[in-house]
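**Q** Sharing a structure here in structure tokens format.
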Amino acid sequence: MSLLSVIVPCYNEEENVPLFYEELLKTEPFFREREIEVEILYVDDGSGDRTVEEVKKLREKDERVHLVSFSRNFGKEAAMYAGLELSGGDYVVMMDVDLQDPPSLLPEMFLQLGQGYDSVATRRVSRKGEPPVRSFFARMFYRLMKKISKTEIMDGARDYRLMTRQMVDAILSMKEYNRFTKGIFGWVGFKTRWLEYENVERVRGETKWNFWKLFLYSLDGITAFSTAPLMLASVVGVFFCIVAFLMILFIIVRKLMFGDPVSGWPSLVCIILMTSGVQFFCTGILGQYLAKTYMEVKRRPIYLVRERL
């Protein structure tokens with residue numbers, strides 16, 4: 001029999017753990033007919049509530065439930081990588097425990113995977129329930145990535161994706177510490193079918209992704225899959241050098257032709273502030289790439305396991 005590994009990252013989701021399990025069991029007849037075993041791997045990302053205890057309760061009545069608990073909170077990217085690394089299935093699917101990734105789509109995803117695809121990915125065609133400002137910046141991020149990166153990152157793409165073992169092994173071969181899985185999916189390639197669905201709101205609890213965390217996450221994506229910001233810093237530097245050279249010529253010509261009247265200090269202050277701001281901006285871009293390089297060369301583990309069942 002084939003094996004399907006369901007990877008479920010969790011962080012303070014004690015209410016949603018049993019609800020997700022119940023919803024996933026509704027797809028069991030479909031996979032049983034096709035002689036496919038299902039294992040559920042909950043990856044606890046250092047939760048501070050009773051998430052681990054809830055998973056253990058499920059484990060007591062169903063041995064197909066597995067648990068990996070981190071020593072602290074390492075982030076969702078680390079949890080997804082751990083799930084992929086510890087899964088043993090011929091097919092692997094990653095899903096959010098809050099049911100924003102509907103388990104009811106799994107049968108259709110599996111049928112489409114059997115049509116010659118290496119993965120079936122999902123994307124939201126609407127952002128119903130999200131704050132308008134957050135939705136606007138999310139769309140702007142995907143548009144920006146399409147322009148500055150060669151890696152395909154689909155607008156509205158979810159981490160909800162069903163993959164073959166071959167694609168999973170390809171993803172695991174990328175050992176980088178600073179991970180942006182949406183970009184990694186596109187970078188490794190393979191034949192992917194996109195499945196669209198309407199946005200589903202969380203069943204319980206609140207999202208752990210606030211605007212600031214999403215902003216930092218978008219910076220990780222930009223620096224991980226594009227060097228365009230470095231090019232931007234270079235172009236801005238060249239532009240200001242040209243402007244400075246032209247201004248020097250202008251001052252010399254004005255001195256020779258009209259004398260040298262005293263210039264106003266407000267314009268001088270504005271110029272200094274603008275050029276200083278541009279310099280700090282370009283230095284910040286370099287700092288972002290340098291910081292990522294610094295974290296990579298230290299070769300720290302992506303995650304540490306405290307408990308595994």
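Following the order of the structure tokens, first chain is A, next is B, and so on, with residues numbered from 1 inside each chain and ligands from 1 in the order they appear.
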Would you mind listing what lies within 8 Å of segment 20-35 of chain A as a PyMOL selection string, with only C-alpha atoms counted and same-chain residues fewer than 6 positions away left out?

**A** chain A and resi 1-2+97-99+103-104+106-107

**Q** Would you kindly return, as a list in words, each protein, DNA or RNA residue with an atom no farther than 9 Å from any atom of Met174 of chain A, considering only C-alpha atoms and excluding same-chain residues fewer than 3 positions away?

**A**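 Within the cut-off, the hits are Ala170, Ile171 and Ile184 of chain A.
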
**Q** Would you output that residue set with C-alpha atoms, as an mmCIF file, in the first residue's frame?

**A**
```
data_model
loop_
_atom_site.group_PDB
_atom_site.id
_atom_site.type_symbol
_atom_site.label_atom_id
_atom_site.label_comp_id
_atom_site.auth_asym_id
_atom_site.auth_seq_id
_atom_site.Cartn_x
_atom_site.Cartn_y
_atom_site.Cartn_z
ATOM 1 C CA ALA A 170 14.216 17.929 -4.165
ATOM 2 C CA ILE A 171 12.944 20.457 -1.623
ATOM 3 C CA ILE A 184 11.412 27.064 -3.029
#
```

**Q** Taking 2 positions as the minimum chain separation for residues in the same chain, which residues sit within 12 Å of Ile7 of chain A when counting only C-alpha atoms? Answer as a PyMOL selection string.

**A** chain A and resi 4-5+9-10+20-21+24+38-44+65-68+76+79-89+91-97+101+159-163

**Q** Using only C-alpha atoms, determine which residues lie at most 12 Å from Gly46 of chain A, disregarding the query and same-chain residues fewer than 5 positions distant; provide the list as a PyMOL selection string.

**A** chain A and resi 9-13+51-52+68-76+78-79+303-307

**Q** As number ranges by chain, please: every residue in segment 45-204 of chain A that DSSP puts in helix (DSSP H, G or I).

**A** A: 51-61, 76-86, 103-113, 132-148, 165-172, 181-188

**Q** Compare A:Leu105, A:Met257, A:Met145, A:Leu113 by their minimum atom-to-atom distance to Lys182 of chain A, counting only C-alpha atoms, and give me the closest one.

**A**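 Distance minimum relative to Lys182 of chain A lands on A:Met145.
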
**Q** So that I can check the secondary structure, give me every residue of segment 88-187 of chain A assigned strand (DSSP E) by backbone DSSP, as a list in words.

**A**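 So, restricting segment 88-187 of chain A to strand (DSSP E), we get Tyr91, Val92, Val93, Met94, Ser119, Val120, Ala121, Thr122, Arg123, Arg124, Ala157, Arg158, Asp159, Tyr160, Arg161, Leu162, Met163 and Thr164 of chain A.
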
**Q** Do a neighbour search on Val278 of chain A at 12 Å with only C-alpha atoms, toss out local chain neighbours closer than 3 positions, and write the hits as a PyMOL selection string.

**A** chain A and resi 232-240+271-275+281-285

**Q** Grab the residues selected above and save them as a PDB file, in the first residue's frame with C-alpha atoms.

**A**
```pdb
ATOM      1  CA  LEU A 232      18.718  49.108  -7.226  1.00  0.00           C
ATOM      2  CA  ALA A 233      21.278  50.325  -4.682  1.00  0.00           C
ATOM      3  CA  SER A 234      23.958  50.401  -7.395  1.00  0.00           C
ATOM      4  CA  VAL A 235      21.728  52.269  -9.850  1.00  0.00           C
ATOM      5  CA  VAL A 236      20.764  54.858  -7.220  1.00  0.00           C
ATOM      6  CA  GLY A 237      24.439  55.359  -6.355  1.00  0.00           C
ATOM      7  CA  VAL A 238      25.394  55.921  -9.997  1.00  0.00           C
ATOM      8  CA  PHE A 239      22.452  58.290 -10.468  1.00  0.00           C
ATOM      9  CA  PHE A 240      23.494  60.510  -7.581  1.00  0.00           C
ATOM     10  CA  ILE A 271      19.809  68.039  -0.258  1.00  0.00           C
ATOM     11  CA  ILE A 272      21.883  66.697   2.630  1.00  0.00           C
ATOM     12  CA  LEU A 273      18.883  64.972   4.196  1.00  0.00           C
ATOM     13  CA  MET A 274      17.843  63.418   0.894  1.00  0.00           C
ATOM     14  CA  THR A 275      21.297  62.094   0.005  1.00  0.00           C
ATOM     15  CA  PHE A 281      18.542  53.061   2.380  1.00  0.00           C
ATOM     16  CA  CYS A 282      21.223  51.480   0.198  1.00  0.00           C
ATOM     17  CA  THR A 283      23.245  50.503   3.264  1.00  0.00           C
ATOM     18  CA  GLY A 284      20.134  48.857   4.684  1.00  0.00           C
ATOM     19  CA  ILE A 285      19.704  46.787   1.525  1.00  0.00           C
TER      20      ILE A 285
END
```
